[in-house]
There are 2 protein chains.
Amino acid sequence: MRISDLSRRSGVPVGTIKYYLRERVLPPGTPTARNQAEYGDEHLRRLRLIRALTGLGRMDLASVRDLLPLIEHDRVPLRDLYEAANRAVLPERAPVADAGSLERIRAGVDAFIDRQGWRVASDAPGRDTFVQVVAALQSLGCQLDIDFFAPFAAAAQQVVLRELDLLPADGPVDRDAAAARTVLFEVALGALRRLAQEHHLALRQAGHRDGPGS
Amino acid sequence: MRISDLSRRSGVPVGTIKYYLRERVLPPGTPTARNQAEYGDEHLRRLRLIRALTGLGRMDLASVRDLLPLIEHDRVPLRDLYEAANRAVLPERAPVADAGSLERIRAGVDAFIDRQGWRVASDAPGRDTFVQVVAALQSLGCQLDIDFFAPFAAAAQQVVLRELDLLPADGPVDRDAAAARTVLFEVALGALRRLAQEHHLALRQAGHRDGPGS
C-alpha cells in the first residue's frame with residue numbers, strides 16, 4: 001500500500017509516519033518509483049506497536065528504538081526483551097532520601113522480595129523503584145511496615161501469571177505482542193485500580209464498609 | 001530556615017527551589033530581609049511532595065499546580081482529590097481504533113465493570129484508558145476475552161482496599177499524604193509486577209510451572 005493508505009488504515013498522519021521513517025523506528029518501504037514506496041502489513045503492525053508504546057505506554061521514541069532490535073531478533077532471550085520493556089517505562093529515579101536511609105530501606109525491600117520467594121537480579125529495575133517509593137512515602141511521613149505491601153505483591157503475582165500463561169509452552173513467541181502486552185497490561189491494571197478506588201471510596205464515604213482490606 | 005538549608009535538607013538544588021517558587025507550586029517564604037526569606041517545615045514537606053509526584057509519579061509541574069488547591073482545601077471532597085490525582089497521571093489518550101470498534105469495546109468494558117460490582121462515573125478516566133488498552137491490544141492481534149482481566153480487577157480491588165484502610169474512619173485526612181499514596185502505590189504495584197514477572201518468567205523458561213495463572 002502507499003503511505004497515504006498506511007496513514008488511513010493506521011490513523012497515523014503521513015507527516016508522523018515520515019518522522020518515524022527518519023527516526024528509524026519504522027523500516028523503509030520497498031521503493032516503487034522516485035519518491036514512492038510500497039508498505040505492507042508489517043508496517044501497519046509496527047505503527048500500531050509504536051502508538052501503543054508511546055501513547056498508552058508513554059515511552060519516548062528513543063526507548064522504542066532501543067527496544068525494537070530486541071523484539072526483532074528471535075535469539076534475544078525473552079527475559080531480556082521483558083526487562084528492556086520494563087526498564088523503558090520505569091519512572092525516572094529521583095532519590096528522595098539520604099544514602100543511609102536508602103541503604104536501610106533497600107535491606108528491608110530485599111528481605112521483603114525474598115519473603116515472596118522471588119529470585120530477581122540485584123539490579124532489577126523494579127527493585128530500585130520500589131525502594132524509591134518507600135523512601136518517598138517515608139519522607140512524607142507515611143511510615144508503613146514493608147509487609148503492608150504483601151497484598152500488592154500477591155496481586156502483582158496474580159496478574160503476571162495470567163500474562164505469562166499467554167505465552168506458548170513451546171514454539172515461537174509473537175514477540176511484538178509480548179512486548180506490547182507487558183506495557184499495556186500495566187496500564188490496564190492502573191486503570192482498573194482507579195475504577196476500584198472510585199467505587200470503594202464512594203462506598204466508604206457513604207458510610208458503608210465492605211470487609212477488611214487485606 | 002534559609003533557602004540553602006531547605007535545599008540541603010530536601011536534596012533539591014536552590015535553582016530548582018527558585019523555579020518552583022516562580023511556578024507557584026511552592027508558596028513563598030516569610031521575607032526577613034531584602035532578597036531573603038525564611039522557610040518552614042511545610043516548605044520541606046511540599047518539596048518532598050512535588051518531587052514524589054514529578055519524579056516517581058511522572059506528573060508535569062502544571063498538573064501538580066492544578067492538584068495543589070485540591071490538596072490544600074479541606075472542603076474539597078476526597079474523591080475529587082483522588083480523581084484529580086488519577087487524571088494527572090493517566091497516559092495520553094491516543095485512539096488506536098475506529099469509532100465503531102471503540103463503541104463495541106466500550107460496551108464490553110462497561111459490562112465488565114458492572115460485573116465487578118463497581119459503580120463509577122461514565123466519564124471516569126480509568127474507563128476510557130481501559131477501553132484504549134483493549135483497543136490497542138486488538139489492533140496488535142491480541143484478541144482477549146474481556147473476562148481475561150477479571151483477576152486484574154480482583155487484584156486492583158485488593159490493593160485499593162488496603163490503601164483506603166489507611167484513611168481514618170473519622171476525623172481529618174492527611175491530604176498530601178493521601179495524594180502521594182495514590183500516585184506512589186500505583187508505582188509500587190508496577191514495580192512489584194516487574195519483579196514477579198522477572199521471577200516467574202525465569203521459572204518458566206527453566207521448565208518449571210507453578211500452577212495456573214488465574
# chains A, B, ... in the order shown; residues from 1 in each chain; ligands from 1
>>> calpha_fit_and_write(fixed="chain B", moving="chain A", output="PDB file with C-alpha atoms, in the first residue's frame")
ATOM      1  CA  MET A   1      15.370  28.028  57.703  1.00  0.00           C
ATOM      2  CA  ARG A   2      17.037  29.722  54.777  1.00  0.00           C
ATOM      3  CA  ILE A   3      16.694  28.568  51.192  1.00  0.00           C
ATOM      4  CA  SER A   4      20.165  26.981  51.387  1.00  0.00           C
ATOM      5  CA  ASP A   5      19.085  24.884  54.404  1.00  0.00           C
ATOM      6  CA  LEU A   6      15.860  23.974  52.636  1.00  0.00           C
ATOM      7  CA  SER A   7      17.959  22.824  49.693  1.00  0.00           C
ATOM      8  CA  ARG A   8      20.311  20.799  51.876  1.00  0.00           C
ATOM      9  CA  ARG A   9      17.528  19.097  53.820  1.00  0.00           C
ATOM     10  CA  SER A  10      15.373  18.322  50.778  1.00  0.00           C
ATOM     11  CA  GLY A  11      18.174  17.477  48.357  1.00  0.00           C
ATOM     12  CA  VAL A  12      16.577  19.840  45.834  1.00  0.00           C
ATOM     13  CA  PRO A  13      19.006  22.360  44.282  1.00  0.00           C
ATOM     14  CA  VAL A  14      18.463  26.022  45.167  1.00  0.00           C
ATOM     15  CA  GLY A  15      17.885  26.875  41.504  1.00  0.00           C
ATOM     16  CA  THR A  16      15.103  24.310  41.313  1.00  0.00           C
ATOM     17  CA  ILE A  17      13.527  25.629  44.515  1.00  0.00           C
ATOM     18  CA  LYS A  18      13.525  29.111  43.003  1.00  0.00           C
ATOM     19  CA  TYR A  19      11.923  27.704  39.884  1.00  0.00           C
ATOM     20  CA  TYR A  20       9.194  26.075  41.996  1.00  0.00           C
ATOM     21  CA  LEU A  21       8.639  29.415  43.749  1.00  0.00           C
ATOM     22  CA  ARG A  22       8.296  31.209  40.409  1.00  0.00           C
ATOM     23  CA  GLU A  23       5.948  28.511  39.141  1.00  0.00           C
ATOM     24  CA  ARG A  24       3.870  28.896  42.320  1.00  0.00           C
ATOM     25  CA  VAL A  25       3.945  25.231  43.296  1.00  0.00           C
ATOM     26  CA  LEU A  26       5.908  26.205  46.412  1.00  0.00           C
ATOM     27  CA  PRO A  27       4.444  29.031  48.523  1.00  0.00           C
ATOM     28  CA  PRO A  28       6.731  31.978  49.247  1.00  0.00           C
ATOM     29  CA  GLY A  29       8.663  32.079  52.521  1.00  0.00           C
ATOM     30  CA  THR A  30       8.345  34.824  55.104  1.00  0.00           C
ATOM     31  CA  PRO A  31      10.494  37.789  54.015  1.00  0.00           C
ATOM     32  CA  THR A  32      13.208  38.549  56.563  1.00  0.00           C
ATOM     33  CA  ALA A  33      15.442  40.928  54.674  1.00  0.00           C
ATOM     34  CA  ARG A  34      15.936  42.243  51.189  1.00  0.00           C
ATOM     35  CA  ASN A  35      16.140  39.133  48.977  1.00  0.00           C
ATOM     36  CA  GLN A  36      15.933  36.777  51.943  1.00  0.00           C
ATOM     37  CA  ALA A  37      13.115  34.690  53.272  1.00  0.00           C
ATOM     38  CA  GLU A  38      12.535  32.152  55.982  1.00  0.00           C
ATOM     39  CA  TYR A  39      11.092  28.731  55.143  1.00  0.00           C
ATOM     40  CA  GLY A  40       9.421  26.220  57.428  1.00  0.00           C
ATOM     41  CA  ASP A  41       8.751  22.508  57.651  1.00  0.00           C
ATOM     42  CA  GLU A  42       5.672  22.968  55.490  1.00  0.00           C
ATOM     43  CA  HIS A  43       7.991  24.038  52.656  1.00  0.00           C
ATOM     44  CA  LEU A  44      10.167  20.980  53.161  1.00  0.00           C
ATOM     45  CA  ARG A  45       7.137  18.744  53.074  1.00  0.00           C
ATOM     46  CA  ARG A  46       5.764  20.453  49.985  1.00  0.00           C
ATOM     47  CA  LEU A  47       9.109  19.992  48.221  1.00  0.00           C
ATOM     48  CA  ARG A  48       9.050  16.286  49.012  1.00  0.00           C
ATOM     49  CA  LEU A  49       5.533  16.013  47.659  1.00  0.00           C
ATOM     50  CA  ILE A  50       6.497  17.803  44.426  1.00  0.00           C
ATOM     51  CA  ARG A  51       9.496  15.499  43.973  1.00  0.00           C
ATOM     52  CA  ALA A  52       7.432  12.362  44.534  1.00  0.00           C
ATOM     53  CA  LEU A  53       4.731  13.458  42.100  1.00  0.00           C
ATOM     54  CA  THR A  54       7.036  14.717  39.356  1.00  0.00           C
ATOM     55  CA  GLY A  55       9.742  12.067  39.805  1.00  0.00           C
ATOM     56  CA  LEU A  56       8.238   8.685  40.554  1.00  0.00           C
ATOM     57  CA  GLY A  57       4.755   9.823  39.559  1.00  0.00           C
ATOM     58  CA  ARG A  58       5.973  11.428  36.328  1.00  0.00           C
ATOM     59  CA  MET A  59       3.494  14.286  36.609  1.00  0.00           C
ATOM     60  CA  ASP A  60       4.327  17.520  34.883  1.00  0.00           C
ATOM     61  CA  LEU A  61       4.530  20.638  37.008  1.00  0.00           C
ATOM     62  CA  ALA A  62       1.336  22.101  35.575  1.00  0.00           C
ATOM     63  CA  SER A  63      -0.573  19.027  36.773  1.00  0.00           C
ATOM     64  CA  VAL A  64       1.002  19.350  40.210  1.00  0.00           C
ATOM     65  CA  ARG A  65      -0.043  22.996  40.327  1.00  0.00           C
ATOM     66  CA  ASP A  66      -3.606  22.032  39.394  1.00  0.00           C
ATOM     67  CA  LEU A  67      -3.659  19.378  42.095  1.00  0.00           C
ATOM     68  CA  LEU A  68      -2.355  21.557  44.948  1.00  0.00           C
ATOM     69  CA  PRO A  69      -5.527  23.578  45.618  1.00  0.00           C
ATOM     70  CA  LEU A  70      -7.466  20.307  45.930  1.00  0.00           C
ATOM     71  CA  ILE A  71      -4.939  19.098  48.482  1.00  0.00           C
ATOM     72  CA  GLU A  72      -4.959  22.369  50.381  1.00  0.00           C
ATOM     73  CA  HIS A  73      -8.677  22.958  50.675  1.00  0.00           C
ATOM     74  CA  ASP A  74     -10.187  20.622  53.196  1.00  0.00           C
ATOM     75  CA  ARG A  75     -13.650  21.251  51.880  1.00  0.00           C
ATOM     76  CA  VAL A  76     -12.864  19.655  48.513  1.00  0.00           C
ATOM     77  CA  PRO A  77     -14.287  16.118  48.747  1.00  0.00           C
ATOM     78  CA  LEU A  78     -11.617  13.466  48.969  1.00  0.00           C
ATOM     79  CA  ARG A  79     -12.970  11.690  45.912  1.00  0.00           C
ATOM     80  CA  ASP A  80     -12.373  14.811  43.836  1.00  0.00           C
ATOM     81  CA  LEU A  81      -8.803  14.907  45.111  1.00  0.00           C
ATOM     82  CA  TYR A  82      -8.261  11.271  44.137  1.00  0.00           C
ATOM     83  CA  GLU A  83      -9.887  11.740  40.786  1.00  0.00           C
ATOM     84  CA  ALA A  84      -7.673  14.727  39.994  1.00  0.00           C
ATOM     85  CA  ALA A  85      -4.543  12.828  41.070  1.00  0.00           C
ATOM     86  CA  ASN A  86      -5.527   9.859  38.938  1.00  0.00           C
ATOM     87  CA  ARG A  87      -6.352  12.045  35.980  1.00  0.00           C
ATOM     88  CA  ALA A  88      -2.983  13.772  36.185  1.00  0.00           C
ATOM     89  CA  VAL A  89      -1.014  10.532  35.953  1.00  0.00           C
ATOM     90  CA  LEU A  90      -3.122   8.948  33.229  1.00  0.00           C
ATOM     91  CA  PRO A  91      -1.317   8.252  29.995  1.00  0.00           C
ATOM     92  CA  GLU A  92      -2.203  10.320  26.988  1.00  0.00           C
ATOM     93  CA  ARG A  93      -5.148   9.196  24.989  1.00  0.00           C
ATOM     94  CA  ALA A  94      -4.091   8.032  21.574  1.00  0.00           C
ATOM     95  CA  PRO A  95      -7.106   6.473  19.865  1.00  0.00           C
ATOM     96  CA  VAL A  96      -5.949   3.318  18.176  1.00  0.00           C
ATOM     97  CA  ALA A  97      -9.204   2.100  16.680  1.00  0.00           C
ATOM     98  CA  ASP A  98     -12.016   3.463  14.575  1.00  0.00           C
ATOM     99  CA  ALA A  99     -15.113   4.829  16.275  1.00  0.00           C
ATOM    100  CA  GLY A 100     -17.173   1.686  15.593  1.00  0.00           C
ATOM    101  CA  SER A 101     -14.684  -0.668  17.227  1.00  0.00           C
ATOM    102  CA  LEU A 102     -14.256   1.710  20.138  1.00  0.00           C
ATOM    103  CA  GLU A 103     -18.008   1.775  20.744  1.00  0.00           C
ATOM    104  CA  ARG A 104     -18.153  -2.018  20.739  1.00  0.00           C
ATOM    105  CA  ILE A 105     -15.168  -2.298  23.063  1.00  0.00           C
ATOM    106  CA  ARG A 106     -16.608   0.343  25.362  1.00  0.00           C
ATOM    107  CA  ALA A 107     -19.862  -1.593  25.691  1.00  0.00           C
ATOM    108  CA  GLY A 108     -17.864  -4.686  26.663  1.00  0.00           C
ATOM    109  CA  VAL A 109     -15.800  -2.707  29.174  1.00  0.00           C
ATOM    110  CA  ASP A 110     -18.927  -1.133  30.678  1.00  0.00           C
ATOM    111  CA  ALA A 111     -20.490  -4.578  31.161  1.00  0.00           C
ATOM    112  CA  PHE A 112     -17.222  -5.873  32.643  1.00  0.00           C
ATOM    113  CA  ILE A 113     -17.117  -3.002  35.167  1.00  0.00           C
ATOM    114  CA  ASP A 114     -20.741  -3.715  36.091  1.00  0.00           C
ATOM    115  CA  ARG A 115     -19.870  -7.368  36.677  1.00  0.00           C
ATOM    116  CA  GLN A 116     -17.225  -6.277  39.186  1.00  0.00           C
ATOM    117  CA  GLY A 117     -20.001  -4.540  41.092  1.00  0.00           C
ATOM    118  CA  TRP A 118     -18.271  -1.189  40.650  1.00  0.00           C
ATOM    119  CA  ARG A 119     -20.371   1.910  40.285  1.00  0.00           C
ATOM    120  CA  VAL A 120     -18.211   4.524  38.598  1.00  0.00           C
ATOM    121  CA  ALA A 121     -18.941   7.621  36.551  1.00  0.00           C
ATOM    122  CA  SER A 122     -19.357   7.120  32.823  1.00  0.00           C
ATOM    123  CA  ASP A 123     -16.518   9.591  32.234  1.00  0.00           C
ATOM    124  CA  ALA A 124     -14.174   8.095  34.861  1.00  0.00           C
ATOM    125  CA  PRO A 125     -10.676   8.418  33.404  1.00  0.00           C
ATOM    126  CA  GLY A 126      -9.832   4.766  34.102  1.00  0.00           C
ATOM    127  CA  ARG A 127     -12.761   3.611  32.000  1.00  0.00           C
ATOM    128  CA  ASP A 128     -11.520   5.306  28.862  1.00  0.00           C
ATOM    129  CA  THR A 129      -7.950   4.182  29.462  1.00  0.00           C
ATOM    130  CA  PHE A 130      -9.065   0.589  29.817  1.00  0.00           C
ATOM    131  CA  VAL A 131     -11.040   0.866  26.549  1.00  0.00           C
ATOM    132  CA  GLN A 132      -7.923   2.207  24.830  1.00  0.00           C
ATOM    133  CA  VAL A 133      -5.790  -0.632  26.159  1.00  0.00           C
ATOM    134  CA  VAL A 134      -8.212  -3.275  24.895  1.00  0.00           C
ATOM    135  CA  ALA A 135      -8.372  -1.499  21.511  1.00  0.00           C
ATOM    136  CA  ALA A 136      -4.572  -1.320  21.293  1.00  0.00           C
ATOM    137  CA  LEU A 137      -4.254  -5.017  22.123  1.00  0.00           C
ATOM    138  CA  GLN A 138      -6.819  -5.911  19.478  1.00  0.00           C
ATOM    139  CA  SER A 139      -5.048  -3.779  16.886  1.00  0.00           C
ATOM    140  CA  LEU A 140      -1.955  -5.873  17.566  1.00  0.00           C
ATOM    141  CA  GLY A 141      -3.814  -9.130  17.162  1.00  0.00           C
ATOM    142  CA  CYS A 142      -4.326  -9.898  20.876  1.00  0.00           C
ATOM    143  CA  GLN A 143      -7.986 -10.852  20.903  1.00  0.00           C
ATOM    144  CA  LEU A 144      -8.592 -11.424  24.590  1.00  0.00           C
ATOM    145  CA  ASP A 145     -11.969 -12.092  26.086  1.00  0.00           C
ATOM    146  CA  ILE A 146     -12.667  -9.144  28.382  1.00  0.00           C
ATOM    147  CA  ASP A 147     -13.040 -11.514  31.324  1.00  0.00           C
ATOM    148  CA  PHE A 148      -9.374 -12.310  30.916  1.00  0.00           C
ATOM    149  CA  PHE A 149      -8.984  -9.163  33.015  1.00  0.00           C
ATOM    150  CA  ALA A 150     -11.183 -10.343  35.894  1.00  0.00           C
ATOM    151  CA  PRO A 151      -8.131 -11.329  37.999  1.00  0.00           C
ATOM    152  CA  PHE A 152      -6.642  -7.895  37.245  1.00  0.00           C
ATOM    153  CA  ALA A 153      -9.805  -6.306  38.638  1.00  0.00           C
ATOM    154  CA  ALA A 154      -9.663  -8.539  41.733  1.00  0.00           C
ATOM    155  CA  ALA A 155      -5.998  -7.649  42.255  1.00  0.00           C
ATOM    156  CA  ALA A 156      -6.713  -3.942  41.780  1.00  0.00           C
ATOM    157  CA  GLN A 157      -9.544  -4.089  44.287  1.00  0.00           C
ATOM    158  CA  GLN A 158      -7.357  -5.835  46.814  1.00  0.00           C
ATOM    159  CA  VAL A 159      -4.690  -3.108  46.785  1.00  0.00           C
ATOM    160  CA  VAL A 160      -7.285  -0.330  46.790  1.00  0.00           C
ATOM    161  CA  LEU A 161      -8.981  -1.678  49.912  1.00  0.00           C
ATOM    162  CA  ARG A 162      -5.569  -1.844  51.541  1.00  0.00           C
ATOM    163  CA  GLU A 163      -4.928   1.774  50.559  1.00  0.00           C
ATOM    164  CA  LEU A 164      -8.298   3.058  51.722  1.00  0.00           C
ATOM    165  CA  ASP A 165      -7.841   1.333  55.086  1.00  0.00           C
ATOM    166  CA  LEU A 166      -5.098   3.896  55.734  1.00  0.00           C
ATOM    167  CA  LEU A 167      -7.683   6.675  55.751  1.00  0.00           C
ATOM    168  CA  PRO A 168      -9.005   7.478  59.212  1.00  0.00           C
ATOM    169  CA  ALA A 169     -12.589   6.326  59.780  1.00  0.00           C
ATOM    170  CA  ASP A 170     -13.316   9.746  61.242  1.00  0.00           C
ATOM    171  CA  GLY A 171     -11.492  13.005  61.563  1.00  0.00           C
ATOM    172  CA  PRO A 172      -9.184  14.903  59.279  1.00  0.00           C
ATOM    173  CA  VAL A 173      -7.307  13.201  56.473  1.00  0.00           C
ATOM    174  CA  ASP A 174      -3.635  13.963  55.841  1.00  0.00           C
ATOM    175  CA  ARG A 175      -4.440  15.091  52.343  1.00  0.00           C
ATOM    176  CA  ASP A 176      -0.986  15.447  50.856  1.00  0.00           C
ATOM    177  CA  ALA A 177      -0.050  11.993  52.124  1.00  0.00           C
ATOM    178  CA  ALA A 178      -3.280  10.659  50.602  1.00  0.00           C
ATOM    179  CA  ALA A 179      -2.466  12.249  47.231  1.00  0.00           C
ATOM    180  CA  ALA A 180       1.123  10.986  47.336  1.00  0.00           C
ATOM    181  CA  ARG A 181       0.001   7.492  48.296  1.00  0.00           C
ATOM    182  CA  THR A 182      -2.441   7.105  45.469  1.00  0.00           C
ATOM    183  CA  VAL A 183       0.276   8.018  42.974  1.00  0.00           C
ATOM    184  CA  LEU A 184       3.103   6.115  44.649  1.00  0.00           C
ATOM    185  CA  PHE A 185       1.118   2.944  45.348  1.00  0.00           C
ATOM    186  CA  GLU A 186       0.491   2.578  41.659  1.00  0.00           C
ATOM    187  CA  VAL A 187       4.223   2.907  41.000  1.00  0.00           C
ATOM    188  CA  ALA A 188       4.861   0.314  43.749  1.00  0.00           C
ATOM    189  CA  LEU A 189       2.369  -2.075  42.192  1.00  0.00           C
ATOM    190  CA  GLY A 190       4.079  -1.679  38.814  1.00  0.00           C
ATOM    191  CA  ALA A 191       7.510  -2.285  40.342  1.00  0.00           C
ATOM    192  CA  LEU A 192       6.288  -5.425  42.104  1.00  0.00           C
ATOM    193  CA  ARG A 193       4.678  -6.642  38.888  1.00  0.00           C
ATOM    194  CA  ARG A 194       8.046  -6.401  37.154  1.00  0.00           C
ATOM    195  CA  LEU A 195       9.807  -8.257  39.943  1.00  0.00           C
ATOM    196  CA  ALA A 196       7.178 -11.025  39.900  1.00  0.00           C
ATOM    197  CA  GLN A 197       7.477 -11.150  36.125  1.00  0.00           C
ATOM    198  CA  GLU A 198      11.242 -11.506  36.191  1.00  0.00           C
ATOM    199  CA  HIS A 199      11.002 -14.353  38.678  1.00  0.00           C
ATOM    200  CA  HIS A 200       8.170 -16.261  37.033  1.00  0.00           C
ATOM    201  CA  LEU A 201       9.456 -15.859  33.487  1.00  0.00           C
ATOM    202  CA  ALA A 202      12.789 -17.317  34.582  1.00  0.00           C
ATOM    203  CA  LEU A 203      10.963 -20.172  36.324  1.00  0.00           C
ATOM    204  CA  ARG A 204       8.963 -20.997  33.223  1.00  0.00           C
ATOM    205  CA  GLN A 205      11.960 -20.866  31.000  1.00  0.00           C
ATOM    206  CA  ALA A 206      13.738 -23.232  33.345  1.00  0.00           C
ATOM    207  CA  GLY A 207      10.947 -25.683  32.550  1.00  0.00           C
ATOM    208  CA  HIS A 208       9.040 -25.335  35.783  1.00  0.00           C
ATOM    209  CA  ARG A 209       5.417 -24.467  36.071  1.00  0.00           C
ATOM    210  CA  ASP A 210       3.947 -23.208  39.236  1.00  0.00           C
ATOM    211  CA  GLY A 211       0.251 -23.507  38.987  1.00  0.00           C
ATOM    212  CA  PRO A 212      -2.532 -21.942  36.991  1.00  0.00           C
ATOM    213  CA  GLY A 213      -2.492 -18.261  36.290  1.00  0.00           C
ATOM    214  CA  SER A 214      -5.887 -17.353  37.513  1.00  0.00           C
TER     215      SER A 214
END
>>> select_by_dssp(residues="range 82-144 of chain B", states="alpha helix (DSSP H)", output="ChimeraX atom specification")
/B:82-89,99-115,125-139
>>> select_by_dssp(residues="range 11-68 of chain B", states="strand (DSSP E)", output="PyMOL selection string")
chain B and resi 30-33+36-38
